[in-house]
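Asker: What follows is target_7.cif; its format and atoms are mmCIF, C-alpha atoms and all ligand atoms.
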```cif
data_my_file
loop_
_atom_site.label_atom_id
_atom_site.label_comp_id
_atom_site.auth_asym_id
_atom_site.auth_seq_id
_atom_site.Cartn_x
_atom_site.Cartn_y
_atom_site.Cartn_z
CA MET A 171 -84.30 -207.13 0.00
CA ILE A 172 -82.88 -210.34 1.45
CA PHE A 173 -83.31 -214.13 1.36
CA LYS A 174 -84.54 -215.62 4.64
CA CYS A 175 -84.53 -219.32 5.57
CA ILE A 176 -88.03 -220.54 6.37
CA ASN A 177 -86.62 -223.06 8.90
CA CYS A 178 -84.00 -221.21 10.95
CA GLY A 179 -84.59 -217.59 9.94
CA ALA A 180 -80.97 -217.03 8.85
CA GLU A 181 -80.64 -214.20 6.32
CA TYR A 182 -78.60 -214.18 3.11
CA PRO A 183 -77.92 -211.62 0.41
CA VAL A 184 -79.92 -212.04 -2.80
CA SER A 185 -77.35 -213.49 -5.20
CA PRO A 186 -77.18 -216.13 -7.95
CA GLU A 187 -74.91 -218.26 -5.75
CA THR A 188 -77.55 -218.62 -3.02
CA TYR A 189 -80.06 -221.46 -3.26
CA LEU A 190 -80.92 -223.35 -0.03
CA CYS A 191 -79.87 -222.28 3.48
CA PRO A 192 -76.47 -223.99 3.87
CA ILE A 193 -77.05 -224.63 7.59
CA CYS A 194 -80.47 -226.31 7.30
CA SER A 195 -79.82 -228.15 4.03
CA LYS A 196 -76.66 -229.89 5.27
CA ASN A 197 -78.40 -233.18 6.01
CA ASN A 198 -81.01 -233.11 3.24
CA ASP A 199 -81.55 -236.41 1.44
CA ALA A 200 -83.54 -237.26 -1.66
CA LYS A 201 -86.20 -239.20 0.27
CA HIS A 202 -87.48 -236.23 2.31
CA PRO A 203 -88.58 -232.70 1.40
CA PRO A 204 -85.59 -230.36 1.60
CA LEU A 205 -85.08 -228.13 4.62
CA GLY A 206 -83.72 -224.64 4.15
CA VAL A 207 -85.85 -223.23 1.30
CA LEU A 208 -85.38 -219.47 1.17
CA GLN A 209 -88.05 -216.81 1.01
CA THR A 210 -87.46 -213.30 -0.37
CA VAL A 211 -88.23 -210.49 2.07
CA TYR A 212 -88.88 -206.87 1.08
CA ASP A 213 -88.98 -203.58 2.94
CA TYR A 214 -92.76 -203.38 3.26
CA ASN A 215 -92.71 -200.47 5.70
CA LYS A 216 -90.88 -198.23 3.25
CA LEU A 217 -93.25 -199.19 0.42
CA LYS A 218 -96.33 -198.61 2.56
CA THR A 219 -95.76 -194.84 2.57
CA THR A 220 -96.30 -194.66 -1.22
CA PRO A 221 -99.62 -192.98 -2.10
CA ASP A 222 -102.07 -195.07 -4.18
CA LEU A 223 -99.72 -197.99 -3.65
CA PHE A 224 -101.29 -200.71 -5.79
CA SER A 225 -101.58 -198.46 -8.86
CA TYR A 226 -97.95 -197.47 -8.37
CA LEU A 227 -96.88 -201.13 -8.16
CA GLU A 228 -98.89 -201.99 -11.26
CA ALA A 229 -97.31 -199.13 -13.20
CA GLU A 230 -93.88 -200.38 -12.12
CA ALA A 231 -94.66 -203.96 -13.28
CA PHE A 232 -94.39 -204.95 -9.56
CA LEU A 233 -90.59 -204.47 -9.65
CA PRO A 234 -90.50 -203.20 -6.02
CA LEU A 235 -91.78 -206.69 -5.04
CA LEU A 236 -89.41 -208.67 -7.27
CA PRO A 237 -85.64 -209.22 -7.09
CA VAL A 238 -84.85 -207.55 -10.44
CA ASN A 239 -84.15 -203.90 -11.21
CA HIS A 240 -85.26 -203.25 -14.78
CA LYS A 241 -88.38 -204.13 -16.80
CA GLN A 242 -86.13 -204.63 -19.84
CA SER A 243 -84.51 -207.62 -18.13
CA PHE A 244 -87.69 -209.65 -18.67
CA SER A 245 -88.52 -211.59 -21.79
CA SER A 246 -90.24 -209.54 -24.46
CA LEU A 247 -92.80 -212.35 -24.76
CA ARG A 248 -96.07 -211.68 -22.92
CA VAL A 249 -95.67 -213.67 -19.71
CA GLY A 250 -98.60 -213.51 -17.31
CA LYS A 251 -101.49 -211.07 -17.90
CA THR A 252 -103.42 -214.21 -18.72
CA PRO A 253 -107.19 -214.13 -19.19
CA MET A 254 -109.58 -214.61 -16.30
CA TYR A 255 -113.05 -215.75 -17.39
CA GLU A 256 -116.07 -214.98 -15.23
CA PHE A 257 -119.20 -217.16 -14.93
CA LYS A 258 -122.23 -216.41 -12.78
CA LEU A 259 -123.50 -219.72 -11.35
CA GLY A 260 -126.58 -219.28 -9.15
CA ASN A 261 -125.54 -217.22 -6.14
CA LYS A 262 -121.81 -217.67 -6.66
CA THR A 263 -119.33 -216.46 -9.25
CA LEU A 264 -116.69 -218.68 -10.77
CA PHE A 265 -113.48 -217.22 -12.20
CA LEU A 266 -111.22 -219.36 -14.37
CA LYS A 267 -107.67 -217.97 -14.50
CA ASP A 268 -106.20 -219.48 -17.65
CA ASP A 269 -102.42 -219.74 -17.46
CA SER A 270 -102.26 -222.05 -20.44
CA GLN A 271 -102.19 -218.73 -22.33
CA ASN A 272 -98.58 -218.08 -21.37
CA PRO A 273 -95.95 -218.15 -24.17
CA THR A 274 -95.02 -221.81 -23.61
CA TYR A 275 -98.57 -222.74 -22.53
CA SER A 276 -98.01 -223.14 -18.78
CA TYR A 277 -97.87 -221.31 -15.44
CA LYS A 278 -94.14 -222.12 -15.23
CA ASP A 279 -93.35 -219.17 -17.51
CA ARG A 280 -93.91 -216.86 -14.55
CA ALA A 281 -90.97 -218.46 -12.72
CA SER A 282 -88.78 -218.91 -15.82
CA ASN A 283 -89.22 -215.25 -16.74
CA LEU A 284 -88.02 -214.07 -13.32
CA VAL A 285 -85.10 -216.53 -13.21
CA SER A 286 -84.05 -215.52 -16.72
CA ALA A 287 -84.30 -211.78 -15.95
CA PHE A 288 -82.28 -212.22 -12.75
CA ALA A 289 -79.64 -214.20 -14.66
CA LYS A 290 -79.47 -211.46 -17.30
CA GLU A 291 -78.88 -208.76 -14.67
CA ASN A 292 -76.13 -210.96 -13.22
CA LYS A 293 -74.55 -211.53 -16.66
CA ILE A 294 -75.28 -215.28 -16.64
CA THR A 295 -75.90 -216.84 -20.04
CA THR A 296 -76.58 -220.53 -19.25
CA ILE A 297 -79.43 -221.82 -17.09
CA ALA A 298 -80.09 -225.48 -16.25
CA THR A 299 -83.11 -227.18 -14.77
CA ALA A 300 -84.60 -230.54 -13.95
CA SER A 301 -88.15 -230.96 -15.15
CA THR A 302 -90.99 -233.38 -15.72
CA GLY A 303 -91.67 -231.39 -18.89
CA ASN A 304 -93.46 -228.10 -18.26
CA ALA A 305 -90.68 -226.29 -16.35
CA GLY A 306 -88.19 -227.46 -18.97
CA SER A 307 -90.19 -226.36 -21.99
CA SER A 308 -90.88 -223.10 -20.21
CA LEU A 309 -87.22 -222.36 -19.43
CA ALA A 310 -86.27 -223.41 -22.97
CA GLY A 311 -88.79 -221.00 -24.55
CA ILE A 312 -88.03 -218.05 -22.28
CA CYS A 313 -84.25 -218.52 -22.72
CA ALA A 314 -84.72 -218.66 -26.51
CA SER A 315 -86.46 -215.27 -26.34
CA GLN A 316 -83.65 -213.85 -24.19
CA GLY A 317 -80.61 -215.13 -26.08
CA GLN A 318 -79.70 -217.46 -23.21
CA GLN A 319 -78.75 -221.14 -23.33
CA ALA A 320 -81.02 -223.64 -21.52
CA ILE A 321 -79.97 -227.11 -20.43
CA ILE A 322 -82.87 -229.36 -19.49
CA PHE A 323 -82.66 -232.65 -17.59
CA VAL A 324 -85.83 -234.73 -17.99
CA PRO A 325 -86.88 -238.30 -17.27
CA ALA A 326 -86.68 -240.04 -20.66
CA SER A 327 -90.34 -241.04 -20.14
CA ALA A 328 -91.71 -237.43 -20.12
CA PRO A 329 -94.63 -236.67 -22.53
CA LYS A 330 -93.40 -236.34 -26.11
CA ALA A 331 -95.07 -232.98 -26.78
CA LYS A 332 -93.09 -231.41 -23.96
CA LEU A 333 -89.79 -232.97 -25.12
CA THR A 334 -90.44 -231.83 -28.70
CA GLN A 335 -91.18 -228.33 -27.46
CA ILE A 336 -87.85 -228.22 -25.54
CA MET A 337 -85.92 -229.25 -28.64
CA MET A 338 -87.75 -226.84 -30.96
CA TYR A 339 -86.71 -223.94 -28.70
CA GLY A 340 -83.09 -224.97 -29.30
CA ALA A 341 -82.35 -225.99 -25.72
CA THR A 342 -79.95 -228.79 -24.84
CA LEU A 343 -82.23 -231.67 -23.90
CA VAL A 344 -80.66 -234.23 -21.57
CA PRO A 345 -82.99 -237.26 -21.24
CA VAL A 346 -82.12 -239.24 -18.11
CA GLU A 347 -82.85 -242.89 -17.50
CA GLY A 348 -84.33 -242.24 -14.09
CA THR A 349 -86.95 -240.32 -12.14
CA TYR A 350 -87.52 -236.60 -11.77
CA ASP A 351 -85.64 -236.81 -8.45
CA ASP A 352 -82.62 -238.29 -10.24
CA CYS A 353 -82.78 -235.42 -12.76
CA PHE A 354 -83.02 -232.94 -9.89
CA GLU A 355 -79.83 -234.12 -8.18
CA LEU A 356 -77.95 -234.54 -11.46
CA SER A 357 -78.81 -231.04 -12.68
CA ILE A 358 -77.55 -229.51 -9.42
CA ALA A 359 -74.29 -231.46 -9.59
CA ALA A 360 -73.82 -230.48 -13.26
CA SER A 361 -74.62 -226.81 -12.54
CA LYS A 362 -71.91 -226.75 -9.86
CA GLN A 363 -69.43 -228.55 -12.11
CA PHE A 364 -69.98 -226.39 -15.20
CA GLY A 365 -70.89 -223.07 -13.56
CA TRP A 366 -74.50 -222.82 -14.79
CA TYR A 367 -77.30 -221.00 -12.99
CA ASN A 368 -79.89 -223.50 -11.77
CA ARG A 369 -83.66 -222.99 -12.00
CA ASN A 370 -84.74 -226.13 -10.11
CA THR A 371 -88.11 -225.56 -8.56
CA ALA A 372 -88.02 -224.56 -4.86
CA TYR A 373 -84.22 -225.01 -4.90
CA ASN A 374 -83.90 -221.65 -6.65
CA PRO A 375 -85.86 -219.24 -4.38
CA LEU A 376 -86.89 -217.15 -7.40
CA THR A 377 -89.18 -219.91 -8.70
CA ILE A 378 -91.54 -219.28 -5.78
CA GLU A 379 -91.17 -215.53 -6.20
CA GLY A 380 -91.96 -215.57 -9.92
CA LYS A 381 -95.11 -217.56 -9.33
CA LYS A 382 -96.66 -214.96 -7.04
CA THR A 383 -97.48 -212.58 -9.88
CA ALA A 384 -100.72 -214.50 -10.56
CA SER A 385 -102.06 -213.20 -7.22
CA TYR A 386 -101.51 -209.58 -8.22
CA GLU A 387 -103.28 -210.26 -11.50
CA ILE A 388 -106.22 -211.99 -9.83
CA PHE A 389 -106.57 -208.90 -7.61
CA THR A 390 -106.47 -206.63 -10.67
CA ASP A 391 -108.83 -208.86 -12.70
CA MET A 392 -111.38 -208.68 -9.87
CA HIS A 393 -111.28 -204.86 -9.83
CA LYS A 394 -108.98 -204.63 -6.81
CA GLN A 395 -110.71 -207.21 -4.70
CA ALA A 396 -109.47 -210.51 -3.31
CA PRO A 397 -111.60 -213.60 -4.04
CA ASP A 398 -113.09 -215.74 -1.26
CA PHE A 399 -111.64 -219.04 -2.50
CA ILE A 400 -108.82 -220.11 -4.81
CA PHE A 401 -108.45 -223.72 -5.95
CA VAL A 402 -104.85 -224.58 -6.83
CA PRO A 403 -103.44 -227.85 -8.19
CA VAL A 404 -100.53 -228.96 -6.01
CA GLY A 405 -97.47 -231.08 -6.79
CA ASP A 406 -94.23 -229.68 -5.36
CA GLY A 407 -96.11 -226.95 -3.50
CA VAL A 408 -94.45 -224.10 -5.39
CA ILE A 409 -97.44 -222.60 -7.22
CA ILE A 410 -99.58 -222.60 -4.08
CA SER A 411 -96.75 -220.99 -2.09
CA GLY A 412 -96.35 -218.42 -4.84
CA ILE A 413 -100.04 -217.57 -4.70
CA TYR A 414 -99.86 -217.24 -0.91
CA ARG A 415 -96.71 -215.10 -1.25
CA GLY A 416 -98.52 -212.72 -3.61
CA PHE A 417 -101.53 -212.26 -1.36
CA GLU A 418 -99.30 -212.05 1.71
CA ASP A 419 -97.43 -209.15 0.06
CA LEU A 420 -100.77 -207.39 -0.45
CA LEU A 421 -101.76 -208.11 3.16
CA LYS A 422 -98.46 -206.83 4.58
CA LEU A 423 -98.77 -203.70 2.47
CA GLY A 424 -102.28 -203.03 3.80
CA ILE A 425 -103.82 -203.40 0.31
CA ILE A 426 -106.08 -206.29 1.43
CA ASN A 427 -107.16 -207.20 4.95
CA LYS A 428 -107.66 -210.95 4.59
CA ILE A 429 -105.99 -213.79 2.70
CA PRO A 430 -108.47 -215.78 0.56
CA THR A 431 -109.23 -219.37 1.57
CA ILE A 432 -106.80 -221.30 -0.60
CA VAL A 433 -107.67 -224.91 -1.34
CA ALA A 434 -104.79 -227.25 -2.25
CA VAL A 435 -105.98 -229.91 -4.67
CA GLN A 436 -103.96 -233.08 -5.13
CA SER A 437 -104.48 -236.27 -7.03
CA ALA A 438 -105.12 -239.36 -4.89
CA GLY A 439 -102.09 -240.86 -6.64
CA SER A 440 -99.85 -238.02 -5.47
CA SER A 441 -101.17 -236.53 -2.23
CA ASN A 442 -98.04 -236.11 -0.14
CA LEU A 443 -98.91 -232.57 0.94
CA VAL A 444 -102.67 -232.71 1.57
CA GLY A 445 -102.36 -236.23 3.04
CA ASN A 446 -99.89 -234.92 5.63
CA LEU A 447 -101.73 -231.75 6.68
CA GLY A 448 -102.09 -231.66 10.45
CA SER A 449 -99.45 -234.36 10.94
CA ASN A 450 -96.02 -233.92 12.47
CA GLN A 451 -94.78 -237.26 11.20
CA PRO A 452 -95.26 -237.01 7.46
CA GLN A 453 -95.27 -240.10 5.27
CA PHE A 454 -94.24 -239.92 1.62
CA SER A 455 -95.32 -242.45 -0.95
CA ALA A 456 -94.46 -242.83 -4.62
CA SER A 457 -96.77 -241.05 -7.07
CA ASN A 458 -99.00 -242.64 -9.67
CA THR A 459 -101.49 -240.36 -11.45
CA ILE A 460 -102.45 -239.25 -14.96
CA ALA A 461 -101.85 -235.65 -13.87
CA ASP A 462 -98.15 -235.78 -14.67
CA SER A 463 -97.28 -232.17 -13.84
CA ILE A 464 -98.46 -232.67 -10.24
CA ALA A 465 -97.07 -236.21 -9.92
CA VAL A 466 -94.42 -235.82 -7.26
CA ASP A 467 -92.85 -238.33 -4.86
CA VAL A 468 -91.26 -235.81 -2.53
CA PRO A 469 -92.77 -232.29 -2.62
CA ARG A 470 -89.83 -229.90 -2.93
CA ASN A 471 -91.61 -227.02 -1.27
CA TYR A 472 -93.45 -229.10 1.31
CA TYR A 473 -92.56 -227.09 4.41
CA MET A 474 -93.36 -223.67 3.01
CA ALA A 475 -96.65 -224.80 1.46
CA LYS A 476 -97.70 -226.57 4.68
CA LYS A 477 -96.78 -223.54 6.77
CA PHE A 478 -98.87 -221.25 4.57
CA LEU A 479 -101.88 -223.59 4.60
CA GLU A 480 -101.74 -223.85 8.38
CA LYS A 481 -101.11 -220.16 9.01
CA TYR A 482 -103.94 -218.93 6.78
CA GLU A 483 -106.38 -221.80 7.39
CA GLY A 484 -106.17 -223.16 3.88
CA LYS A 485 -107.89 -226.41 2.98
CA GLY A 486 -106.96 -229.58 1.14
CA VAL A 487 -108.94 -231.78 -1.24
CA ILE A 488 -107.88 -235.07 -2.83
CA VAL A 489 -109.39 -236.16 -6.16
CA GLU A 490 -109.27 -239.46 -8.04
CA ASP A 491 -107.92 -239.75 -11.57
CA SER A 492 -111.44 -240.60 -12.78
CA GLU A 493 -112.69 -237.32 -11.30
CA ILE A 494 -109.83 -235.47 -13.00
CA LEU A 495 -110.80 -236.95 -16.38
CA GLU A 496 -114.46 -236.03 -15.85
CA ALA A 497 -113.43 -232.51 -14.91
CA ALA A 498 -111.23 -232.29 -18.03
CA SER A 499 -114.30 -233.15 -20.16
CA ASP A 500 -116.47 -230.71 -18.27
CA LEU A 501 -113.98 -227.83 -18.68
CA SER A 502 -113.57 -228.59 -22.38
CA GLN A 503 -117.24 -229.14 -23.21
CA ASN A 504 -118.86 -226.49 -21.03
CA TYR A 505 -116.25 -223.75 -21.01
CA GLY A 506 -114.18 -224.37 -24.14
CA LEU A 507 -111.03 -224.77 -22.05
CA PHE A 508 -108.95 -227.82 -22.92
CA THR A 509 -106.49 -227.96 -20.03
CA GLU A 510 -103.89 -230.43 -18.85
CA PRO A 511 -105.00 -232.93 -16.16
CA ALA A 512 -103.34 -230.93 -13.37
CA SER A 513 -105.61 -227.98 -14.13
CA ALA A 514 -108.60 -230.27 -14.42
CA ALA A 515 -107.66 -231.54 -10.95
CA ALA A 516 -108.17 -228.04 -9.54
CA TYR A 517 -111.63 -227.93 -11.13
CA ALA A 518 -112.43 -231.43 -9.84
CA GLY A 519 -111.34 -230.23 -6.39
CA TYR A 520 -113.76 -227.32 -6.63
CA GLN A 521 -116.61 -229.68 -7.56
CA LYS A 522 -115.78 -232.02 -4.71
CA TYR A 523 -115.52 -229.18 -2.21
CA ALA A 524 -118.86 -227.78 -3.42
CA GLY A 525 -120.52 -231.17 -2.89
CA LYS A 526 -119.00 -231.70 0.54
CA PHE A 527 -119.08 -228.26 2.18
CA GLY A 528 -120.86 -225.91 -0.22
CA PHE A 529 -119.97 -222.23 -0.46
CA PRO A 530 -121.38 -219.24 1.42
CA LYS A 531 -123.77 -217.07 -0.61
CA ASN A 532 -122.20 -214.70 -3.16
CA SER A 533 -118.81 -216.43 -2.94
CA LYS A 534 -116.21 -215.42 -5.50
CA ILE A 535 -114.25 -218.52 -6.44
CA VAL A 536 -111.10 -218.66 -8.55
CA ILE A 537 -109.83 -221.83 -10.17
CA GLN A 538 -106.22 -221.63 -11.20
CA LEU A 539 -105.66 -223.40 -14.52
CA THR A 540 -101.98 -224.10 -15.06
CA GLY A 541 -101.35 -225.62 -18.49
CA SER A 542 -102.66 -226.64 -21.88
CA GLY A 543 -104.24 -229.99 -22.66
CA LEU A 544 -102.30 -230.19 -25.91
CA LYS A 545 -99.14 -230.90 -23.93
CA ASP A 546 -100.23 -234.35 -22.86
CA LEU A 547 -102.75 -235.89 -25.25
CA ASP A 548 -102.07 -239.40 -23.93
CA ALA A 549 -103.53 -238.44 -20.56
CA VAL A 550 -107.04 -238.13 -22.03
CA LYS A 551 -106.71 -241.03 -24.45
CA SER A 552 -109.18 -243.15 -22.45
CA ILE A 553 -111.99 -240.58 -22.85
CA SER A 554 -111.26 -239.39 -26.38
CA LYS A 555 -111.63 -242.50 -28.53
CA PHE A 556 -111.55 -241.66 -32.22
CA PRO A 557 -114.57 -242.72 -34.27
CA ARG A 558 -114.11 -245.01 -37.28
CA ALA A 559 -113.49 -243.41 -40.68
CA ILE A 560 -116.30 -243.45 -43.27
CA LYS A 561 -116.39 -243.50 -47.06
CA PRO A 562 -117.07 -240.05 -48.63
CA LYS A 563 -120.75 -240.80 -49.29
CA LEU A 564 -123.85 -239.11 -47.89
CA ASN A 565 -125.60 -242.35 -46.81
CA GLU A 566 -122.45 -243.21 -44.85
CA VAL A 567 -122.90 -240.03 -42.81
CA GLU A 568 -126.43 -241.08 -41.92
CA LYS A 569 -125.26 -244.51 -40.86
CA PHE A 570 -122.45 -242.98 -38.88
CA LEU A 571 -124.77 -240.64 -36.97
CA GLU A 572 -127.09 -243.58 -36.18
CA GLU A 573 -124.15 -245.56 -34.79
CA ARG A 574 -123.05 -242.63 -32.62
CA LYS A 575 -126.50 -242.51 -30.97
CA LYS A 576 -126.10 -246.04 -29.67
ZN ZN B 1 -81.82 -222.35 7.74
#
```
If you convert what's in this file into structure tokens, what do you get?

Answerer:
Amino acid sequence: MIFKCINCGAEYPVSPETYLCPICSKNNDAKHPPLGVLQTVYDYNKLKTTPDLFSYLEAEAFLPLLPVNHKQSFSSLRVGKTPMYEFKLGNKTLFLKDDSQNPTYSYKDRASNLVSAFAKENKITTIATASTGNAGSSLAGICASQGQQAIIFVPASAPKAKLTQIMMYGATLVPVEGTYDDCFELSIAASKQFGWYNRNTAYNPLTIEGKKTASYEIFTDMHKQAPDFIFVPVGDGVIISGIYRGFEDLLKLGIINKIPTIVAVQSAGSSNLVGNLGSNQPQFSASNTIADSIAVDVPRNYYMAKKFLEKYEGKGVIVEDSEILEAASDLSQNYGLFTEPASAAAYAGYQKYAGKFGFPKNSKIVIQLTGSGLKDLDAVKSISKFPRAIKPKLNEVEKFLEERKK
């Protein structure tokens, strides 16, 4: 297996010292998506000769498609294998893949687990990352379970639940008076200075690789079938690239014959990928949305995500914050799934797409939910106003119920 630059095609050995392609990343600046992100390439032809290939891969915990050698290198926490709930709606079927059921309550555990396992096999004990909250709490939790030290750089303004979670796991929390981008650059400089392994999203190629495992699970959950559509919330473009990577592996191995239609959903206040689809002169504007885990000024995995969407005819949908809040209510009240706004965005994207284009008969549609609503209670503050308290008397209850009707 090797790392291959998605821009120039240069190949590099898989090692903890290799992050971006040194040739392409030479002139990267913080205002534009980085060039030189690396993709992991496997020997598909050799694997293809294995009889009953998918069952074999499943039994091997997909190790032949991951850059680690031993199952024991992974966290003993249950990462992935998250539930997928099925709902028959008229002539289509909706599947909700709930990644809030990961150990630290977000999709990011898939990447943290792989990064941590790789570090373990390379005898590295300290891992640093920049984060808006979820990646940091994820790395902190996974490292705690693996006896590793995590160092997390976050904007001081990140949601309190996520910061508390990072501290409870015993990680070193470094709040930075600045943006996520400032944290990103600082964590790289500090990692070089102090010799830490760096987990920064899309900078470390394993973050994309770790996130592809959801695709294998979706395929398993659907009894070895690929869905027709997958709605994915998009910020940096890493989760969507991971999902493409997973299905592309299955395509290259001859296990499936078509990649599902993947729909990238972004918030109108942070639409730097979907807004630039089909354009060769991308514009990047500052983000402003309640969906904080997909609020991104410069998408770190812009080029790979765009390439995948264009190659496999993916689609893009932009949703307003008000639609995200409505979707959050809908998911909570009709499905019992209280998700973070980013996940609700994916569901809002599905609703918008349904209204605009509809779905062919008997479509199987997956919505990827990425994190728990408990992580950012402030985001839903405007739609969850607490009722007034009453005195502990029965007639007060009656009065209260009357008031609520109004
Ligand atoms: Zn390159």

Asker: With all atoms listed in the file as the counted atoms, please give the residues lying no more than 10 Å from Gly340 (chain A), apart from itself and same-chain residues fewer than 6 positions off, as a list in words.

Answerer: Ala310, Gly311, Cys313, Ala314, Gln319, Ala320 and Ile321 of chain A

Asker: Calculated over all atoms listed in the file, which of the candidates A:Val408, A:Ser361, A:Pro375, A:Ala438 has the smallest distance to Lys174 (chain A)?

Answerer: A:Pro375

Asker: List all protein, DNA and RNA residues that have any atom at most 12 Å from ligand ZN 1 (chain B), counting all atoms listed in the file, and write the list as a PDB file with C-alpha atoms, in the frame of the given file.

Answerer:
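File written: selection.pdb
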```pdb
ATOM      1  CA  PHE A 173     -83.310-214.130   1.360  1.00  0.00           C
ATOM      2  CA  LYS A 174     -84.540-215.620   4.640  1.00  0.00           C
ATOM      3  CA  CYS A 175     -84.530-219.320   5.570  1.00  0.00           C
ATOM      4  CA  ILE A 176     -88.030-220.540   6.370  1.00  0.00           C
ATOM      5  CA  ASN A 177     -86.620-223.060   8.900  1.00  0.00           C
ATOM      6  CA  CYS A 178     -84.000-221.210  10.950  1.00  0.00           C
ATOM      7  CA  GLY A 179     -84.590-217.590   9.940  1.00  0.00           C
ATOM      8  CA  ALA A 180     -80.970-217.030   8.850  1.00  0.00           C
ATOM      9  CA  GLU A 181     -80.640-214.200   6.320  1.00  0.00           C
ATOM     10  CA  TYR A 182     -78.600-214.180   3.110  1.00  0.00           C
ATOM     11  CA  TYR A 189     -80.060-221.460  -3.260  1.00  0.00           C
ATOM     12  CA  LEU A 190     -80.920-223.350  -0.030  1.00  0.00           C
ATOM     13  CA  CYS A 191     -79.870-222.280   3.480  1.00  0.00           C
ATOM     14  CA  PRO A 192     -76.470-223.990   3.870  1.00  0.00           C
ATOM     15  CA  ILE A 193     -77.050-224.630   7.590  1.00  0.00           C
ATOM     16  CA  CYS A 194     -80.470-226.310   7.300  1.00  0.00           C
ATOM     17  CA  SER A 195     -79.820-228.150   4.030  1.00  0.00           C
ATOM     18  CA  LYS A 196     -76.660-229.890   5.270  1.00  0.00           C
ATOM     19  CA  ASN A 197     -78.400-233.180   6.010  1.00  0.00           C
ATOM     20  CA  ASN A 198     -81.010-233.110   3.240  1.00  0.00           C
ATOM     21  CA  PRO A 204     -85.590-230.360   1.600  1.00  0.00           C
ATOM     22  CA  LEU A 205     -85.080-228.130   4.620  1.00  0.00           C
ATOM     23  CA  GLY A 206     -83.720-224.640   4.150  1.00  0.00           C
ATOM     24  CA  VAL A 207     -85.850-223.230   1.300  1.00  0.00           C
ATOM     25  CA  LEU A 208     -85.380-219.470   1.170  1.00  0.00           C
ATOM     26  CA  GLN A 209     -88.050-216.810   1.010  1.00  0.00           C
TER      27      GLN A 209
END
```

Asker: Of the candidates A:Gly541, A:Pro469, A:Gly445, A:Pro430, which one gets nearest to Asp351 (chain A) if we count only C-alpha atoms?

Answerer: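 Among the listed residues, the smallest separation from Asp351 (chain A) belongs to A:Pro469.
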
Asker: To one decimal in Å, tell me the separation between CA of Asp500 (chain A) and CA of Ile553 (chain A).

Answerer: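 These two atoms are separated by 11.8 Å.
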
Asker: Report the distance between CA of Leu309 (chain A) and CA of Val402 (chain A) in Å, rounded to one decimal place.

Answerer: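 Here the two named atoms are 21.8 Å from each other.
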
Asker: Please indicate the distance in Å from CA of Thr342 (chain A) to CA of Trp366 (chain A), rounded to one decimal place.

Answerer: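 Computed distance, CA of Thr342 (chain A) to CA of Trp366 (chain A), equals 12.9 Å.
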
Asker: Which polymer residues, whether protein, DNA or RNA, lie within 10 Å of the coordinate (-108.7, -225.5, -4.2) when you count only C-alpha atoms? List them as an mmCIF file with C-alpha atoms, keeping the file's coordinate frame, using the chain letters and numbers from the file.

Answerer:
```cif
data_model
loop_
_atom_site.group_PDB
_atom_site.id
_atom_site.type_symbol
_atom_site.label_atom_id
_atom_site.label_comp_id
_atom_site.auth_asym_id
_atom_site.auth_seq_id
_atom_site.Cartn_x
_atom_site.Cartn_y
_atom_site.Cartn_z
ATOM 1 C CA PHE A 399 -111.640 -219.040 -2.500
ATOM 2 C CA ILE A 400 -108.820 -220.110 -4.810
ATOM 3 C CA PHE A 401 -108.450 -223.720 -5.950
ATOM 4 C CA VAL A 402 -104.850 -224.580 -6.830
ATOM 5 C CA PRO A 403 -103.440 -227.850 -8.190
ATOM 6 C CA VAL A 404 -100.530 -228.960 -6.010
ATOM 7 C CA ILE A 410 -99.580 -222.600 -4.080
ATOM 8 C CA THR A 431 -109.230 -219.370 1.570
ATOM 9 C CA ILE A 432 -106.800 -221.300 -0.600
ATOM 10 C CA VAL A 433 -107.670 -224.910 -1.340
ATOM 11 C CA ALA A 434 -104.790 -227.250 -2.250
ATOM 12 C CA VAL A 435 -105.980 -229.910 -4.670
ATOM 13 C CA GLN A 436 -103.960 -233.080 -5.130
ATOM 14 C CA GLY A 484 -106.170 -223.160 3.880
ATOM 15 C CA LYS A 485 -107.890 -226.410 2.980
ATOM 16 C CA GLY A 486 -106.960 -229.580 1.140
ATOM 17 C CA VAL A 487 -108.940 -231.780 -1.240
ATOM 18 C CA ILE A 488 -107.880 -235.070 -2.830
ATOM 19 C CA ALA A 515 -107.660 -231.540 -10.950
ATOM 20 C CA ALA A 516 -108.170 -228.040 -9.540
ATOM 21 C CA TYR A 517 -111.630 -227.930 -11.130
ATOM 22 C CA ALA A 518 -112.430 -231.430 -9.840
ATOM 23 C CA GLY A 519 -111.340 -230.230 -6.390
ATOM 24 C CA TYR A 520 -113.760 -227.320 -6.630
ATOM 25 C CA GLN A 521 -116.610 -229.680 -7.560
ATOM 26 C CA LYS A 522 -115.780 -232.020 -4.710
ATOM 27 C CA TYR A 523 -115.520 -229.180 -2.210
ATOM 28 C CA ILE A 535 -114.250 -218.520 -6.440
ATOM 29 C CA VAL A 536 -111.100 -218.660 -8.550
ATOM 30 C CA ILE A 537 -109.830 -221.830 -10.170
ATOM 31 C CA GLN A 538 -106.220 -221.630 -11.200
#
```

Asker: Excluding same-chain residues fewer than 4 positions from Lys477 (chain A), what lies within 12 Å of it counting all atoms listed in the file, as a list in words?

Answerer: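 Here the qualifying residues turn out to be Ile176, Asn177, Gly407, Ile410, Ser411, Tyr414, Arg415, Leu443, Asn446, Leu447, Gly448, Ser449, Asn450, Asn471, Tyr472, Tyr473, Lys481, Tyr482, Glu483 and Gly484 of chain A.
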
Asker: Which one is closest to Ala396 (chain A): A:Glu480, A:Glu418, A:Glu379, A:Glu493? Count all atoms listed in the file.

Answerer: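 Checking each candidate against Ala396 (chain A), we get A:Glu418 as the closest.
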